[in-house]
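A.B. asks: Provided herewith: structure.txt, compact mmCIF, C-alpha atoms.
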```
# COMPACT_ATOMS: atom_id res chain seq x y z
CA MET A 1 12.12 -35.41 53.28
CA LYS A 2 14.06 -32.70 51.45
CA ASN A 3 13.45 -34.36 48.07
CA ILE A 4 9.73 -34.69 48.81
CA PHE A 5 9.53 -30.99 49.69
CA ILE A 6 11.25 -29.94 46.42
CA ALA A 7 8.88 -32.14 44.41
CA GLY A 8 5.97 -30.45 46.16
CA LEU A 9 7.29 -27.03 45.19
CA LEU A 10 7.51 -28.01 41.52
CA ALA A 11 4.06 -29.58 41.50
CA SER A 12 2.41 -26.57 43.10
CA ALA A 13 3.26 -24.12 40.28
CA ALA A 14 -0.13 -23.47 38.61
CA PHE A 15 -0.51 -22.61 34.93
CA VAL A 16 -2.80 -19.66 34.22
CA SER A 17 -3.82 -18.03 30.94
CA GLN A 18 -2.39 -14.62 30.23
CA ALA A 19 -2.96 -12.47 27.12
CA GLN A 20 0.14 -12.01 24.99
CA ALA A 21 0.29 -9.78 21.90
CA ALA A 22 1.58 -11.37 18.71
CA LEU A 23 2.22 -9.75 15.34
CA ILE A 24 -0.05 -11.24 12.65
CA SER A 25 1.87 -12.25 9.53
CA GLY A 26 0.70 -13.01 6.00
CA VAL A 27 -1.81 -10.14 5.88
CA THR A 28 -3.03 -9.07 2.42
CA ALA A 29 -4.72 -5.83 1.38
CA SER A 30 -7.07 -4.63 -1.36
CA ALA A 31 -8.39 -1.14 -2.06
CA SER A 32 -11.22 0.50 -3.99
CA SER A 33 -8.68 2.18 -6.30
CA THR A 34 -5.01 2.89 -6.90
CA VAL A 35 -3.64 6.11 -8.32
CA GLY A 36 -1.82 6.06 -11.65
CA VAL A 37 -1.83 2.36 -12.48
CA GLY A 38 0.83 2.02 -15.15
CA TYR A 39 2.43 5.30 -14.10
CA PHE A 40 3.06 4.85 -10.37
CA ASP A 41 3.60 1.86 -8.07
CA ARG A 42 1.29 2.67 -5.17
CA GLY A 43 -0.84 -0.44 -4.76
CA ALA A 44 -2.61 -1.53 -1.57
CA SER A 45 -0.20 -4.45 -1.12
CA HIS A 46 2.53 -2.02 -0.09
CA THR A 47 0.67 -1.31 3.17
CA VAL A 48 1.34 -4.86 4.41
CA ASP A 49 4.57 -6.00 2.74
CA SER A 50 6.98 -4.00 4.96
CA SER A 51 8.25 -2.17 1.88
CA GLY A 52 9.91 1.04 2.96
CA LEU A 53 10.10 -0.05 6.61
CA ALA A 54 13.37 -0.12 8.52
CA GLY A 55 12.66 -0.80 12.16
CA GLY A 56 10.07 1.78 13.14
CA PHE A 57 11.08 4.17 10.37
CA HIS A 58 9.39 4.41 6.97
CA SER A 59 10.64 5.69 3.64
CA ALA A 60 9.48 9.09 2.39
CA SER A 61 9.51 7.89 -1.24
CA PRO A 62 6.02 6.62 -2.18
CA ASP A 63 6.52 4.39 -5.23
CA GLY A 64 6.86 0.78 -4.20
CA THR A 65 6.34 1.58 -0.51
CA MET A 66 2.89 3.21 -0.05
CA TRP A 67 -0.75 3.03 -1.15
CA GLU A 68 -2.67 5.96 -2.63
CA SER A 69 -6.24 6.01 -3.93
CA ASN A 70 -7.30 7.59 -7.24
CA GLY A 71 -8.57 11.04 -6.35
CA GLY A 72 -10.31 13.71 -8.39
CA GLY A 73 -9.15 15.99 -11.17
CA ILE A 74 -6.61 14.10 -13.27
CA GLU A 75 -7.99 10.58 -13.64
CA ALA A 76 -8.14 10.78 -17.46
CA TYR A 77 -4.39 11.35 -17.57
CA PHE A 78 -3.77 8.38 -15.30
CA GLY A 79 -6.23 6.17 -17.18
CA GLY A 80 -8.66 5.65 -14.29
CA GLU A 81 -11.89 6.97 -12.83
CA ALA A 82 -12.34 9.12 -9.76
CA ASP A 83 -12.85 7.29 -6.48
CA PRO A 84 -15.08 9.52 -4.32
CA ASN A 85 -15.44 6.89 -1.55
CA PRO A 86 -12.02 5.27 -1.12
CA LEU A 87 -11.57 2.33 1.24
CA ILE A 88 -8.97 -0.29 2.01
CA THR A 89 -9.58 -3.80 3.36
CA PHE A 90 -7.08 -6.03 5.15
CA ASN A 91 -7.40 -9.83 5.14
CA LEU A 92 -5.62 -11.34 8.15
CA GLY A 93 -5.83 -14.85 6.67
CA ALA A 94 -7.71 -16.32 9.66
CA THR A 95 -9.97 -15.20 12.49
CA TYR A 96 -8.12 -13.51 15.34
CA ASN A 97 -8.82 -11.67 18.54
CA ILE A 98 -7.42 -8.42 17.17
CA ALA A 99 -5.87 -6.34 19.93
CA LYS A 100 -4.56 -3.35 17.98
CA MET A 101 -3.15 -2.10 14.75
CA ARG A 102 -0.04 0.00 14.16
CA VAL A 103 -0.37 2.58 11.39
CA TRP A 104 2.21 4.55 9.46
CA ASN A 105 0.35 7.30 7.58
CA ALA A 106 1.20 8.44 4.03
CA ASN A 107 4.73 9.82 4.27
CA GLU A 108 5.67 11.22 0.85
CA THR A 109 7.87 14.28 1.31
CA GLY A 110 5.83 17.39 0.53
CA GLN A 111 2.62 15.36 0.04
CA THR A 112 1.78 14.09 3.52
CA ALA A 113 -1.63 15.83 3.37
CA VAL A 114 -2.93 12.84 1.39
CA GLY A 115 -2.62 10.79 4.58
CA VAL A 116 -5.71 9.52 6.40
CA ALA A 117 -7.00 12.12 8.84
CA ARG A 118 -10.21 10.26 9.70
CA ALA A 119 -11.72 6.87 8.90
CA THR A 120 -14.40 4.40 9.94
CA LEU A 121 -12.89 1.22 11.40
CA SER A 122 -14.84 -2.01 10.81
CA THR A 123 -14.24 -5.75 11.19
CA SER A 124 -15.76 -8.84 9.60
CA THR A 125 -15.51 -12.60 9.86
CA ASP A 126 -16.62 -13.32 6.28
CA GLY A 127 -15.43 -10.29 4.29
CA THR A 128 -19.01 -9.36 3.39
CA THR A 129 -20.80 -8.16 6.51
CA PHE A 130 -18.78 -5.57 8.43
CA THR A 131 -19.40 -4.24 11.92
CA SER A 132 -18.36 -0.65 12.57
CA LEU A 133 -16.17 -0.04 15.61
CA GLY A 134 -16.41 3.72 15.24
CA THR A 135 -14.31 6.56 13.87
CA ILE A 136 -10.56 6.80 14.26
CA ASN A 137 -8.38 9.88 13.85
CA LEU A 138 -4.77 9.75 12.72
CA SER A 139 -1.95 12.27 12.79
CA GLN A 140 -0.25 13.60 9.69
CA ALA A 141 3.12 12.02 8.88
CA PRO A 142 6.29 14.17 8.92
CA GLY A 143 7.53 13.31 5.43
CA SER A 144 10.78 12.08 6.96
CA SER A 145 12.41 8.65 7.03
CA THR A 146 14.27 9.34 10.29
CA ILE A 147 11.25 9.60 12.62
CA ASP A 148 9.09 6.78 13.95
CA PHE A 149 5.67 8.34 13.32
CA SER A 150 3.66 5.13 13.72
CA GLN A 151 0.45 5.26 15.76
CA ILE A 152 -1.28 2.58 17.80
CA VAL A 153 -5.02 2.16 17.22
CA PRO A 154 -6.87 -0.16 19.67
CA VAL A 155 -9.19 -2.63 17.93
CA GLY A 156 -10.47 -5.07 20.56
CA ALA A 157 -12.62 -7.19 18.23
CA THR A 158 -12.68 -10.63 16.64
CA GLY A 159 -12.46 -10.98 12.87
CA GLN A 160 -10.50 -11.94 9.79
CA TYR A 161 -11.05 -8.72 7.88
CA VAL A 162 -10.37 -5.14 8.92
CA ARG A 163 -11.66 -2.26 6.80
CA LEU A 164 -10.95 1.46 6.80
CA SER A 165 -13.69 3.33 4.97
CA ASP A 166 -15.08 6.87 4.74
CA LEU A 167 -11.47 7.91 4.33
CA LEU A 168 -10.80 11.62 4.61
CA SER A 169 -7.37 13.09 3.88
CA PHE A 170 -5.89 16.18 5.50
CA ASN A 171 -6.36 18.28 2.35
CA GLY A 172 -9.65 16.73 1.27
CA ASN A 173 -8.74 16.71 -2.45
CA GLY A 174 -9.88 13.13 -3.07
CA PHE A 175 -6.50 11.40 -2.94
CA VAL A 176 -5.84 9.45 0.24
CA GLY A 177 -3.12 7.02 1.25
CA LEU A 178 -1.22 5.01 3.84
CA SER A 179 2.34 3.77 4.21
CA GLU A 180 2.12 0.62 6.35
CA VAL A 181 -0.36 -1.13 8.66
CA GLN A 182 0.37 -3.99 11.08
CA PHE A 183 -1.96 -5.99 13.32
CA ASP A 184 -1.44 -7.64 16.72
CA SER A 185 -3.55 -10.50 18.04
CA ALA A 186 -4.39 -11.03 21.71
CA GLU A 187 -3.87 -14.76 22.05
CA LEU A 188 -3.97 -16.65 25.35
CA ALA A 189 -0.80 -18.43 26.38
CA ALA A 190 -0.26 -20.77 29.34
CA VAL A 191 2.29 -19.21 31.65
CA PRO A 192 3.43 -20.82 34.93
CA VAL A 193 2.38 -18.38 37.65
CA PRO A 194 1.79 -19.40 41.29
CA GLU A 195 -1.85 -18.84 42.23
CA PRO A 196 -2.81 -17.86 45.83
CA ALA A 197 -3.73 -21.47 46.64
CA SER A 198 -0.37 -22.64 45.33
CA LEU A 199 1.45 -20.09 47.44
CA ALA A 200 -0.40 -21.45 50.48
CA LEU A 201 0.79 -24.97 49.60
CA LEU A 202 4.34 -23.67 49.33
CA GLY A 203 4.03 -22.18 52.83
CA LEU A 204 2.62 -25.42 54.21
CA GLY A 205 5.47 -27.34 52.63
CA ALA A 206 8.01 -25.02 54.22
CA VAL A 207 6.40 -25.48 57.65
CA SER A 208 6.41 -29.26 57.22
CA LEU A 209 10.10 -29.20 56.39
CA ILE A 210 10.93 -27.17 59.50
CA VAL A 211 8.93 -29.56 61.72
CA ALA A 212 10.61 -32.55 60.17
CA ARG A 213 14.06 -31.09 60.79
CA ARG A 214 13.23 -30.37 64.46
CA ARG A 215 12.01 -33.94 64.96
CA ALA A 216 15.18 -35.24 63.37
CA ASN A 217 17.24 -33.25 65.87
```
Translate this structure into structure tokens?

C.D. replies:
Amino acid sequence: MKNIFIAGLLASAAFVSQAQAALISGVTASASSTVGVGYFDRGASHTVDSSGLAGGFHSASPDGTMWESNGGGIEAYFGGEADPNPLITFNLGATYNIAKMRVWNANETGQTAVGVARATLSTSTDGTTFTSLGTINLSQAPGSSTIDFSQIVPVGATGQYVRLSDLLSFNGNGFVGLSEVQFDSAELAAVPVPEPASLALLGLGAVSLIVARRRAN
């Protein structure tokens, strides 16, 4: 009887779906422009390659670790044209239920005002047609590599592509940038959790065991 009761306990554990966040890997990024191509190393790929990241901290040196668009005023020197409407697009590699993104704003010491103060957040399944999720506001980075200044931005949408457009920096001089961006999916995972009905079965099993013991005595 004891063995039968234990088997009943194991069988009555119900599996239910619970949302679990998971970091999306293999993300790529492209931008409308990059400042100083051939002079600086501030391409869009640095926002998704973990360059400059150490735990939750990010480097304050921009080259090779951050992205910056080509702003106004000195494009001829850098060999590029002004980008009055900068944007950056992230390709997650597959369609996900995107829960949130974690953003490290531009963190160059003495130049953190080029960070994104405001942007339009959009998602897409095909990379062509984007649906706006509204405006997001970010805080200015400290220009320090010893502070975790990352910010969590809820997304709550399905898509393969995430775009930040209508980018406005803190100083509004045309240059705008970011340090790092990560995305979390909200995937469903089967987790063994006793449901109310299962708990009732456990109680019934316990009662049956007590009755059986009394009869045996």

A.B. asks: Using all atoms listed in the file, can you tell me which of A:Ala157, A:Ile136, A:Leu23, A:Leu121 comes closest to Ile98 of chain A?

C.D. replies: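 Going through A:Ala157, A:Ile136, A:Leu23, A:Leu121 one by one, the smallest distance to Ile98 of chain A is for A:Ala157.
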
A.B. asks: Which distance in Å separates atom CA of Ser25 of chain A and atom CA of Ser51 of chain A, to one decimal?

C.D. replies: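 Distance between the two atoms: 14.2 Å.
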
A.B. asks: Work out how far atom CA of Ser139 of chain A is from atom CA of Ala117 of chain A, in Å to one decimal.

C.D. replies: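 Between atom CA of Ala117 of chain A and atom CA of Ser139 of chain A the gap is 6.4 Å.
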
A.B. asks: Pick out the closest residue to Met66 of chain A from this set: A:Asn107, A:Thr135, A:Thr95, A:Thr123. Count only C-alpha atoms.

C.D. replies: A:Asn107

A.B. asks: Give me, please, the distance in Å between atom CA of Thr131 of chain A and atom CA of Glu68 of chain A, quoted to one decimal.

C.D. replies: 24.4 Å
